[in-house]
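Note: the block below is target.txt and it holds compact mmCIF, C-alpha atoms and all ligand atoms.
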```txt
# COMPACT_ATOMS: atom_id res chain seq x y z
CA MET H 27 315.89 305.75 171.29
CA LYS H 28 319.64 305.41 171.55
CA ILE H 29 321.52 302.64 173.32
CA THR H 30 324.69 303.53 175.19
CA LEU H 31 327.18 301.32 177.02
CA VAL H 32 329.12 302.16 180.15
CA HIS H 33 331.75 300.15 181.96
CA GLY H 34 331.07 300.80 185.63
CA ASP H 35 328.82 300.67 188.65
CA LEU H 36 325.07 301.09 188.15
CA THR H 37 324.68 302.81 191.51
CA GLU H 38 327.03 305.65 190.43
CA GLN H 39 324.91 306.52 187.40
CA HIS H 40 322.89 309.67 186.92
CA ALA H 41 319.66 308.81 185.09
CA ASP H 42 315.91 309.26 185.49
CA ALA H 43 315.55 305.61 186.44
CA LEU H 44 317.96 302.86 187.49
CA VAL H 45 316.80 299.28 187.01
CA ASN H 46 317.42 296.86 189.86
CA ALA H 47 318.05 293.15 189.23
CA ALA H 48 315.84 292.34 192.20
CA ASN H 49 314.46 289.08 193.51
CA SER H 50 310.79 288.37 193.93
CA SER H 51 310.79 289.13 197.66
CA LEU H 52 311.64 292.79 196.89
CA LEU H 53 313.37 292.78 200.24
CA GLY H 54 316.95 292.97 199.10
CA GLY H 55 319.68 290.54 198.12
CA GLY H 56 323.24 290.51 196.81
CA GLY H 57 324.82 291.89 193.64
CA VAL H 58 323.09 294.88 192.10
CA ASP H 59 320.24 294.65 194.59
CA GLY H 60 322.53 294.85 197.61
CA ALA H 61 324.45 297.78 196.12
CA ILE H 62 321.25 299.71 195.36
CA HIS H 63 319.93 299.38 198.91
CA ARG H 64 323.33 300.15 200.45
CA LYS H 65 323.88 303.31 198.42
CA GLY H 66 320.23 304.35 198.09
CA GLY H 67 319.49 304.17 201.81
CA PRO H 68 316.53 302.83 203.79
CA GLU H 69 313.79 304.72 201.92
CA ILE H 70 313.91 302.25 199.03
CA LEU H 71 313.50 299.21 201.26
CA ALA H 72 310.71 300.96 203.18
CA GLU H 73 308.80 301.46 199.93
CA CYS H 74 309.47 297.86 198.90
CA ARG H 75 308.00 296.71 202.21
CA ARG H 76 304.91 298.83 201.57
CA LEU H 77 304.54 297.21 198.15
CA ARG H 78 304.76 293.77 199.78
CA ALA H 79 302.10 294.83 202.28
CA SER H 80 299.74 296.05 199.53
CA HIS H 81 299.66 295.02 195.86
CA TYR H 82 302.56 292.58 195.93
CA GLY H 83 301.69 290.37 198.90
CA ARG H 84 303.21 287.35 197.16
CA GLY H 85 306.18 289.26 195.80
CA LEU H 86 307.01 290.45 192.30
CA ALA H 87 306.71 287.77 189.61
CA THR H 88 309.62 286.94 187.31
CA GLY H 89 309.63 289.18 184.22
CA HIS H 90 307.55 291.91 185.89
CA ALA H 91 308.65 295.38 187.03
CA VAL H 92 307.62 297.93 189.64
CA ALA H 93 309.00 301.35 190.61
CA THR H 94 309.98 302.95 193.91
CA THR H 95 311.81 306.07 194.95
CA ALA H 96 315.56 306.06 194.30
CA GLY H 97 316.40 307.35 197.78
CA ARG H 98 319.88 308.85 197.78
CA LEU H 99 320.85 307.53 194.33
CA HIS H 100 321.33 309.99 191.47
CA ALA H 101 317.98 309.11 189.93
CA ARG H 102 314.31 309.78 190.48
CA TRP H 103 313.22 306.17 190.50
CA VAL H 104 314.43 302.63 190.90
CA ILE H 105 312.57 300.16 188.72
CA HIS H 106 312.76 296.70 190.27
CA THR H 107 312.52 293.73 187.96
CA VAL H 108 313.00 290.03 188.60
CA GLY H 109 315.09 288.13 186.09
CA PRO H 110 314.71 284.38 185.55
CA VAL H 111 317.27 281.94 186.90
CA HIS H 112 319.03 280.42 183.88
CA SER H 113 317.98 276.85 183.07
CA THR H 114 319.43 274.32 180.66
CA GLU H 115 316.14 272.35 180.64
CA GLU H 116 313.78 275.16 179.81
CA ASP H 117 314.02 278.24 177.57
CA ARG H 118 313.32 281.17 179.85
CA SER H 119 314.49 283.85 177.42
CA PRO H 120 310.96 285.32 177.00
CA LEU H 121 311.01 286.07 180.73
CA LEU H 122 314.39 287.77 180.47
CA ALA H 123 313.19 289.85 177.49
CA SER H 124 310.07 290.70 179.50
CA CYS H 125 312.22 292.25 182.27
CA TYR H 126 313.53 294.82 179.77
CA ARG H 127 310.16 295.44 178.10
CA GLU H 128 308.25 295.75 181.38
CA SER H 129 310.91 298.04 182.86
CA LEU H 130 310.57 300.32 179.81
CA ARG H 131 306.78 300.23 180.12
CA VAL H 132 307.04 301.33 183.77
CA ALA H 133 309.59 303.99 182.72
CA ASP H 134 307.06 305.30 180.18
CA GLU H 135 304.34 305.44 182.84
CA LEU H 136 306.67 307.47 185.06
CA GLY H 137 307.83 309.74 182.25
CA ALA H 138 311.47 308.65 182.58
CA ARG H 139 313.60 309.54 179.54
CA THR H 140 316.94 308.01 180.56
CA VAL H 141 317.04 304.48 181.97
CA ALA H 142 320.13 302.58 183.12
CA PHE H 143 320.09 298.77 183.20
CA PRO H 144 322.50 296.19 184.60
CA ALA H 145 322.97 292.85 182.81
CA ILE H 146 319.93 291.22 184.40
CA SER H 147 320.23 287.52 185.42
CA THR H 148 323.95 287.28 184.62
CA GLY H 149 325.12 287.17 188.25
CA VAL H 150 323.62 284.89 190.88
CA TYR H 151 321.03 283.77 188.28
CA ARG H 152 323.87 282.42 186.05
CA TRP H 153 322.67 283.46 182.58
CA PRO H 154 325.56 283.18 180.07
CA MET H 155 326.70 286.74 179.33
CA ASP H 156 326.71 286.57 175.54
CA ASP H 157 323.17 285.18 175.34
CA ALA H 158 321.92 287.62 177.99
CA ALA H 159 323.42 290.52 176.03
CA ARG H 160 321.69 289.41 172.80
CA ILE H 161 318.32 289.07 174.55
CA ALA H 162 318.73 292.44 176.28
CA VAL H 163 319.67 294.35 173.14
CA GLU H 164 316.97 292.66 171.02
CA ALA H 165 314.30 293.29 173.66
CA VAL H 166 315.17 296.97 174.05
CA ARG H 167 315.42 297.55 170.28
CA SER H 168 312.03 295.96 169.65
CA THR H 169 310.16 297.88 172.36
CA GLN H 170 308.12 300.96 171.51
CA THR H 171 308.97 303.55 174.14
CA ALA H 172 309.30 307.27 174.79
CA VAL H 173 312.58 306.58 176.63
CA GLU H 174 315.35 308.45 174.82
CA GLU H 175 318.42 306.72 176.22
CA VAL H 176 318.81 303.14 177.36
CA ARG H 177 322.17 302.77 179.06
CA PHE H 178 323.58 299.33 179.79
CA VAL H 179 325.95 299.57 182.74
CA LEU H 180 328.38 296.67 182.66
CA PHE H 181 330.44 295.77 185.67
CA ASP H 182 333.38 294.13 183.95
CA GLU H 183 335.22 293.96 180.61
CA ARG H 184 333.64 290.66 179.63
CA ALA H 185 330.13 292.00 180.03
CA TYR H 186 331.01 295.21 178.22
CA ALA H 187 332.49 293.27 175.29
CA ALA H 188 329.43 291.02 175.02
CA PHE H 189 327.02 293.96 174.93
CA ALA H 190 329.23 295.94 172.53
CA GLU H 191 329.16 293.02 170.13
CA TRP H 192 325.37 292.83 170.06
CA VAL H 193 324.83 296.57 169.96
CA GLY H 194 327.12 296.61 166.93
CA ASN H 195 325.61 293.52 165.29
CA LEU H 196 321.87 293.89 165.60
P1 LIG O 201 320.88 288.43 189.00
O1 LIG O 201 320.41 287.88 190.33
O2 LIG O 201 319.76 288.95 188.14
O3 LIG O 201 321.78 287.46 188.29
P2 LIG O 201 323.10 290.05 190.04
O4 LIG O 201 322.94 291.33 190.79
O5 LIG O 201 323.64 288.86 190.80
O6 LIG O 201 321.68 289.76 189.38
O7 LIG O 201 324.05 290.29 188.77
C1 LIG O 201 323.66 290.85 187.57
C2 LIG O 201 324.89 291.43 186.86
O8 LIG O 201 325.21 292.69 187.40
C3 LIG O 201 326.16 290.58 186.98
O9 LIG O 201 326.80 290.57 185.70
C4 LIG O 201 327.00 291.35 188.00
O10 LIG O 201 328.39 291.19 187.74
C5 LIG O 201 326.59 292.76 187.73
N1 LIG O 201 326.72 293.71 188.87
C6 LIG O 201 326.84 293.45 190.19
N2 LIG O 201 326.91 294.61 190.89
C7 LIG O 201 326.80 295.63 189.97
C8 LIG O 201 326.80 297.05 190.05
N3 LIG O 201 326.91 297.68 191.23
N4 LIG O 201 326.67 297.76 188.90
C9 LIG O 201 326.54 297.14 187.70
N5 LIG O 201 326.52 295.80 187.55
C10 LIG O 201 326.67 295.05 188.68
```
As structure tokens, the full file:
Amino acid sequence: MKITLVHGDLTEQHADALVNAANSSLLGGGGVDGAIHRKGGPEILAECRRLRASHYGRGLATGHAVATTAGRLHARWVIHTVGPVHSTEEDRSPLLASCYRESLRVADELGARTVAFPAISTGVYRWPMDDAARIAVEAVRSTQTAVEEVRFVLFDERAYAAFAEWVGNL
């Protein structure tokens, strides 16, 4: 599996699956989540509501992942995962690593070969970018998967630089 880095907007990407930094309600939010629902259209939210009405009555747990249609996005699926809120009292890095591993597991179940990720938890959930980049790259590298390309899509220069450093170093 190869890791690629792109400076840009996740919702503009062409890939088999785009990963959404969702929240546990699955019913939309800001950041990546808001952009995905805005650009992807109402079909995605409709499927999220059906998930809430069936298997995910209490929402999606932190570190887990579930797929829906990608609506009007240039992808076949959106894989929703819930990152942990960063904490200085508690080490939640296993949960952040789990977001990447579980998303790749769901991608394998779907047969997705190209998967684009944002920098999960580094926005509203306040994870320091450098540490988040290390966890992301380590988690992806250590996961057995049939996915051929993992693309990290970084919104700004700072995020791109942090990921580039770890992709180069690990
Ligand atoms: P979380 O709640 O997991 O922290 P956010 O969506 O708030 O998720 O932010 C995660 C990261 O994604 C942040 O670094 C943010 O700058 C970035 N981001 C926000 N919108 C986009 C987008 N459209 N494409 C790629 N990255 C984005």
Environment of ligand LIG 201 (chain O) within 7 Å, counting only C-alpha atoms and all ligand atoms, reported as a PyMOL selection string: chain H and resi 34-37+47-49+56-59+61+108-109+144-152+179-182+185
So, with all atoms listed in the file as the atoms that count, which of H:Leu44, H:Ala138, H:Val173, H:Val166 lies closest to H:His100? H:Leu44
Spatial neighbours of H:Gly89, 10 Å, only C-alpha atoms, chain gap at least 3 places, as a list of chain:residue names: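 The residues that qualify are H:Ser50, H:Leu86, H:Thr107, H:Val108, H:Gly109, H:Pro110, H:Arg118, H:Ser119, H:Pro120, H:Leu121, H:Leu122, H:Ala123, H:Ser124, H:Cys125, H:Tyr126, H:Arg127, H:Glu128, H:Ser129.
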Can you pull out every residue within 8 Å of H:Leu53, counting all atoms listed in the file, but drop anything in the same chain fewer than 5 positions away, and send it as a PDB file with C-alpha atoms, keeping the file's coordinate frame?
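Output saved as selection-v5.pdb:
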```pdb
ATOM      1  CA  LEU H  71     313.500 299.210 201.260  1.00  0.00           C
ATOM      2  CA  CYS H  74     309.470 297.860 198.900  1.00  0.00           C
ATOM      3  CA  ARG H  75     308.000 296.710 202.210  1.00  0.00           C
TER       4      ARG H  75
END
```
Extract, using all atoms listed in the file, all DNA, RNA and protein residues at most 12 Å from H:Leu99, discarding same-chain residues fewer than 5 positions from it, and format them as a PDB file with C-alpha atoms, in the coordinates of the input.
```
ATOM      1  CA  ASP H  35     328.820 300.670 188.650  1.00  0.00           C
ATOM      2  CA  LEU H  36     325.070 301.090 188.150  1.00  0.00           C
ATOM      3  CA  THR H  37     324.680 302.810 191.510  1.00  0.00           C
ATOM      4  CA  GLU H  38     327.030 305.650 190.430  1.00  0.00           C
ATOM      5  CA  GLN H  39     324.910 306.520 187.400  1.00  0.00           C
ATOM      6  CA  HIS H  40     322.890 309.670 186.920  1.00  0.00           C
ATOM      7  CA  ALA H  41     319.660 308.810 185.090  1.00  0.00           C
ATOM      8  CA  ASP H  42     315.910 309.260 185.490  1.00  0.00           C
ATOM      9  CA  ALA H  43     315.550 305.610 186.440  1.00  0.00           C
ATOM     10  CA  LEU H  44     317.960 302.860 187.490  1.00  0.00           C
ATOM     11  CA  VAL H  45     316.800 299.280 187.010  1.00  0.00           C
ATOM     12  CA  ALA H  61     324.450 297.780 196.120  1.00  0.00           C
ATOM     13  CA  ILE H  62     321.250 299.710 195.360  1.00  0.00           C
ATOM     14  CA  HIS H  63     319.930 299.380 198.910  1.00  0.00           C
ATOM     15  CA  ARG H  64     323.330 300.150 200.450  1.00  0.00           C
ATOM     16  CA  LYS H  65     323.880 303.310 198.420  1.00  0.00           C
ATOM     17  CA  GLY H  66     320.230 304.350 198.090  1.00  0.00           C
ATOM     18  CA  GLY H  67     319.490 304.170 201.810  1.00  0.00           C
ATOM     19  CA  PRO H  68     316.530 302.830 203.790  1.00  0.00           C
ATOM     20  CA  GLU H  69     313.790 304.720 201.920  1.00  0.00           C
ATOM     21  CA  ILE H  70     313.910 302.250 199.030  1.00  0.00           C
ATOM     22  CA  THR H  94     309.980 302.950 193.910  1.00  0.00           C
ATOM     23  CA  VAL H 104     314.430 302.630 190.900  1.00  0.00           C
TER      24      VAL H 104
END
```
With only C-alpha atoms as the basis for distance, which of H:Arg167, H:His106, H:Lys28, H:His90 is at the shortest distance from H:Asn46? H:His106
In Å to one decimal, how far is atom CA of H:Ala72 from atom CA of H:Arg84? 16.7 Å
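One finds atom CA of H:Ala165 at 17.1 Å from atom CA of H:His112.
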Computed gap from atom CA of H:Asp117 to atom CA of H:Phe178 is 23.3 Å
Just give me the residues with any atom within 12 Å of (317.9, 308.6, 171.0), file coordinates, counting only C-alpha atoms, written as number ranges by chain. H: 27-30, 139-141, 167, 171-177
Axis-aligned box for all listed atoms of stretch 48-58 of chain H, 8 Å per side, centre and edges in Å to one decimal, as JSON:
```
{"center_x": 317.8, "center_y": 291.6, "center_z": 196.2, "size_x": 30.0, "size_y": 22.5, "size_z": 24.1}
```
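Counting only C-alpha atoms, the residue from H:Gly54, H:Ala142, H:Gly194, H:Val163 that sits nearest to H:Ala101 is H:Ala142.
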Closest of H:Glu73, H:Glu183, H:Glu191, H:Glu164 to H:Leu52 - atom-to-atom distances counting all atoms listed in the file: H:Glu73
Pick from H:Ala87, H:Leu136, H:Leu77, H:Leu31, whichever lies nearest to H:Arg102 using all atoms listed in the file: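 Looking at the shortest contact to H:Arg102, the residue is H:Leu136.
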Let me make sure I understand: among H:Trp192, H:Trp103, H:Thr114, H:Leu130, which one has the smallest atom-to-atom distance to H:Thr169 if we use all atoms listed in the file? H:Leu130
